[in-house]
Every structure is written in structure tokens, then in C-alpha cells.
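Q: Starting off with a structure, shown below.
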Amino acid sequence: MSIDEATLIYDGDCRLCQASVDWLRLKLDIAAVPFQRANLERFGLTHEECAKEVIVHTSRATHRGAAAVAYLLRARGNGLASFVITASGPLGRYGYHWVATHRNSLAITLLTRFLERQR
């Protein structure tokens, strides 16, 4: 599947982020660029914004954090996971924040390794 109008902006220094992009690309053709190398002005974004959370920019909307993850999962064909993140509201946003701030935890290290093996 391709989502031509979408650009994924992620942390290129984050191993989980890179593994997630690679995993997405197994089923989804998407433009993805590390925020450290992106022309952020083109998207109306700042370095500070992109350092805090993953962003998906489309011609219609900009999705951030948990909403961006839900958007990508839905586009990849993982509708149930997308629904759970979206429907859980604050819990989904908290979960995203926890993952983003605990990248070096055992749970996230294991998730990263799992995603890396999916290539």
C-alpha cells in the first residue's frame, strides 16, 4: 500500500524509531525522513516539535504522537491496533509518551529487537 501524500518525520537517532519505519515499510510505501535531516520549514514544523514526537504530515492534516502511530497502523492494515490506540484516548496518548520517554527500558529494547527481526 502507498500513502503518497504522507510524510513520516521521525527521530533518526532512535533505534526503535528506525526499526518501526523499517517494519512499516514491509507493507507500506511511505516517505520517511529523520527530523535531523528534514526541511522542517516545508512542513511548518520546528526542531523542538519533532524532537518530542513522531509526526505524519499529509495534505489534509498533521498527526502527532499516538495519533500519528494510529494513522500509520491503519494505513499499514493494522486497523485493530489503530482503533485501540485511538479509542483509548488519554490511555493511548500516555502509552505513546511512556514509550517515547523509556526508549532504553528492557521492554522497549525487546520490542526494538523484535521489530528488527521482522525485516
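Lettering and numbering for the C-alpha cells are positional, with chains as A, B, ... in the shown order, residues counted from 1 in each chain, and ligands counted from 1 in the shown order.
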Write out as a PDB file with N, CA and C atoms, in the first residue's frame the residues lying within 6 Å of segment 32-45 of chain A, counting only C-alpha atoms and excluding same-chain residues fewer than 4 positions away.

A:
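Wrote it out as result.pdb, contents follow:
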ATOM      1  N   THR A   7       4.082  12.179   4.709  1.00  0.00           N
ATOM      2  CA  THR A   7       5.498  12.141   5.041  1.00  0.00           C
ATOM      3  C   THR A   7       5.620  11.873   6.527  1.00  0.00           C
ATOM      4  N   LEU A   8       6.358  10.849   6.865  1.00  0.00           N
ATOM      5  CA  LEU A   8       6.628  10.481   8.246  1.00  0.00           C
ATOM      6  C   LEU A   8       7.924  11.151   8.667  1.00  0.00           C
ATOM      7  N   ILE A   9       7.867  11.894   9.751  1.00  0.00           N
ATOM      8  CA  ILE A   9       9.040  12.584  10.285  1.00  0.00           C
ATOM      9  C   ILE A   9       9.322  11.971  11.650  1.00  0.00           C
ATOM     10  N   TYR A  10      10.498  11.382  11.798  1.00  0.00           N
ATOM     11  CA  TYR A  10      10.812  10.610  12.989  1.00  0.00           C
ATOM     12  C   TYR A  10      12.217  10.930  13.493  1.00  0.00           C
ATOM     13  N   ASP A  11      12.560  10.381  14.647  1.00  0.00           N
ATOM     14  CA  ASP A  11      13.872  10.589  15.246  1.00  0.00           C
ATOM     15  C   ASP A  11      14.855   9.596  14.638  1.00  0.00           C
ATOM     16  N   GLY A  12      15.725  10.081  13.788  1.00  0.00           N
ATOM     17  CA  GLY A  12      16.695   9.223  13.117  1.00  0.00           C
ATOM     18  C   GLY A  12      17.775   8.675  14.032  1.00  0.00           C
TER      19      GLY A  12
END

Q: Identify, on the basis of only C-alpha atoms, every residue whose closest approach to Leu28 of chain A does not exceed 9 Å; exclude the query and any residue fewer than 2 positions from it along the same chain; express the result as a list in words.

A: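 Contacts, with the query itself left out: Met1, Ser2, Ile3, Trp23, Leu24, Arg25, Leu26, Ile30, Leu72, Ala75, Arg76 and Gly77 of chain A.
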
Q: From a DSSP pass on the backbone, collect the residues of chain A flagged as helix (DSSP H, G or I) and hand them back as JSON, numbers by chain.

A: {"A": [15, 16, 17, 18, 19, 20, 21, 22, 23, 24, 40, 41, 42, 43, 47, 48, 49, 50, 51, 52, 65, 66, 67, 68, 69, 70, 71, 72, 73, 74, 75, 76, 79, 80, 81, 82, 83, 84, 85, 86, 87, 90, 91, 92, 93, 94, 95, 96, 97, 98, 99, 100, 101, 106, 107, 108, 109, 110, 111, 112, 113, 114, 115, 116]}

Q: I need the chosen residues saved as a PDB file, in the first residue's frame, with C-alpha atoms.

A:
ATOM      1  CA  ARG A  15      16.824   2.679  17.190  1.00  0.00           C
ATOM      2  CA  LEU A  16      13.150   1.909  17.948  1.00  0.00           C
ATOM      3  CA  CYS A  17      12.043   4.624  15.546  1.00  0.00           C
ATOM      4  CA  GLN A  18      14.241   3.292  12.737  1.00  0.00           C
ATOM      5  CA  ALA A  19      13.113  -0.285  13.370  1.00  0.00           C
ATOM      6  CA  SER A  20       9.488   0.904  13.322  1.00  0.00           C
ATOM      7  CA  VAL A  21       9.973   2.694   9.999  1.00  0.00           C
ATOM      8  CA  ASP A  22      11.558  -0.428   8.514  1.00  0.00           C
ATOM      9  CA  TRP A  23       8.644  -2.527   9.836  1.00  0.00           C
ATOM     10  CA  LEU A  24       6.090  -0.111   8.374  1.00  0.00           C
ATOM     11  CA  LEU A  40      11.110  21.245   8.617  1.00  0.00           C
ATOM     12  CA  GLU A  41      10.066  24.683   7.333  1.00  0.00           C
ATOM     13  CA  ARG A  42       8.446  22.921   4.372  1.00  0.00           C
ATOM     14  CA  PHE A  43       6.073  21.238   6.830  1.00  0.00           C
ATOM     15  CA  HIS A  47      13.133  21.029  15.560  1.00  0.00           C
ATOM     16  CA  GLU A  48      11.708  21.158  19.091  1.00  0.00           C
ATOM     17  CA  GLU A  49       8.326  19.783  17.982  1.00  0.00           C
ATOM     18  CA  CYS A  50       9.902  16.920  16.077  1.00  0.00           C
ATOM     19  CA  ALA A  51      12.261  16.043  18.936  1.00  0.00           C
ATOM     20  CA  LYS A  52       9.219  15.389  21.164  1.00  0.00           C
ATOM     21  CA  GLY A  65       2.412  11.173  18.705  1.00  0.00           C
ATOM     22  CA  ALA A  66      -0.205   8.496  19.357  1.00  0.00           C
ATOM     23  CA  ALA A  67      -2.451   9.877  16.605  1.00  0.00           C
ATOM     24  CA  ALA A  68       0.425   9.535  14.114  1.00  0.00           C
ATOM     25  CA  VAL A  69       1.054   5.952  15.212  1.00  0.00           C
ATOM     26  CA  ALA A  70      -2.662   5.143  14.856  1.00  0.00           C
ATOM     27  CA  TYR A  71      -2.713   6.729  11.379  1.00  0.00           C
ATOM     28  CA  LEU A  72       0.306   4.668  10.266  1.00  0.00           C
ATOM     29  CA  LEU A  73      -1.043   1.432  11.691  1.00  0.00           C
ATOM     30  CA  ARG A  74      -4.382   1.949   9.928  1.00  0.00           C
ATOM     31  CA  ALA A  75      -2.604   2.711   6.627  1.00  0.00           C
ATOM     32  CA  ARG A  76      -0.447  -0.425   7.062  1.00  0.00           C
ATOM     33  CA  GLY A  79      -6.819  -1.475  11.904  1.00  0.00           C
ATOM     34  CA  LEU A  80      -7.462  -3.124  15.255  1.00  0.00           C
ATOM     35  CA  ALA A  81      -4.262  -1.757  16.792  1.00  0.00           C
ATOM     36  CA  SER A  82      -5.066   1.661  15.336  1.00  0.00           C
ATOM     37  CA  PHE A  83      -8.573   1.519  16.789  1.00  0.00           C
ATOM     38  CA  VAL A  84      -7.307   0.543  20.246  1.00  0.00           C
ATOM     39  CA  ILE A  85      -4.856   3.458  20.342  1.00  0.00           C
ATOM     40  CA  THR A  86      -7.487   5.914  19.136  1.00  0.00           C
ATOM     41  CA  ALA A  87     -10.399   4.617  21.221  1.00  0.00           C
ATOM     42  CA  PRO A  90      -5.768   9.514  27.091  1.00  0.00           C
ATOM     43  CA  LEU A  91      -4.513   5.996  27.785  1.00  0.00           C
ATOM     44  CA  GLY A  92      -3.194   5.658  24.225  1.00  0.00           C
ATOM     45  CA  ARG A  93      -1.510   9.052  24.462  1.00  0.00           C
ATOM     46  CA  TYR A  94       0.004   8.098  27.830  1.00  0.00           C
ATOM     47  CA  GLY A  95       1.264   4.817  26.355  1.00  0.00           C
ATOM     48  CA  TYR A  96       2.913   6.675  23.488  1.00  0.00           C
ATOM     49  CA  HIS A  97       4.514   9.133  25.907  1.00  0.00           C
ATOM     50  CA  TRP A  98       5.773   6.264  28.093  1.00  0.00           C
ATOM     51  CA  VAL A  99       7.387   4.519  25.146  1.00  0.00           C
ATOM     52  CA  ALA A 100       8.936   7.778  23.921  1.00  0.00           C
ATOM     53  CA  THR A 101      10.456   8.524  27.321  1.00  0.00           C
ATOM     54  CA  LEU A 106      14.047  -3.540  28.817  1.00  0.00           C
ATOM     55  CA  ALA A 107      10.514  -3.644  27.368  1.00  0.00           C
ATOM     56  CA  ILE A 108      11.351  -1.166  24.594  1.00  0.00           C
ATOM     57  CA  THR A 109      14.696  -2.839  23.895  1.00  0.00           C
ATOM     58  CA  LEU A 110      12.882  -6.146  23.419  1.00  0.00           C
ATOM     59  CA  LEU A 111      10.263  -4.501  21.178  1.00  0.00           C
ATOM     60  CA  THR A 112      13.033  -2.935  19.110  1.00  0.00           C
ATOM     61  CA  ARG A 113      14.790  -6.272  18.677  1.00  0.00           C
ATOM     62  CA  PHE A 114      11.511  -7.921  17.681  1.00  0.00           C
ATOM     63  CA  LEU A 115      10.873  -5.268  15.015  1.00  0.00           C
ATOM     64  CA  GLU A 116      14.429  -5.509  13.723  1.00  0.00           C
TER      65      GLU A 116
END

Q: List every residue of chain A that DSSP, applied to the backbone of this structure, places in strand (DSSP E), and write the result as a PyMOL selection string.

A: chain A and resi 2-10+29-34+55-57+62-64

Q: What is the atom CA of Gly89 of chain A-atom CA of Ile55 of chain A distance in Å, reported with one decimal?

A: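 Between atom CA of Gly89 of chain A and atom CA of Ile55 of chain A the gap is 17.6 Å.
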
Q: I'd like to know which of A:Ser88, A:Arg119, A:Ala31, A:Cys14 is closest to His57 of chain A, using only C-alpha atoms.

A: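 Residue with the minimum atom-to-atom distance to His57 of chain A: A:Ala31.
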
Q: What is the distance, in Å and to one decimal place, between atom CA of Lys27 of chain A and atom CA of Thr46 of chain A?

A: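 Computed distance, atom CA of Lys27 of chain A to atom CA of Thr46 of chain A, equals 29.2 Å.
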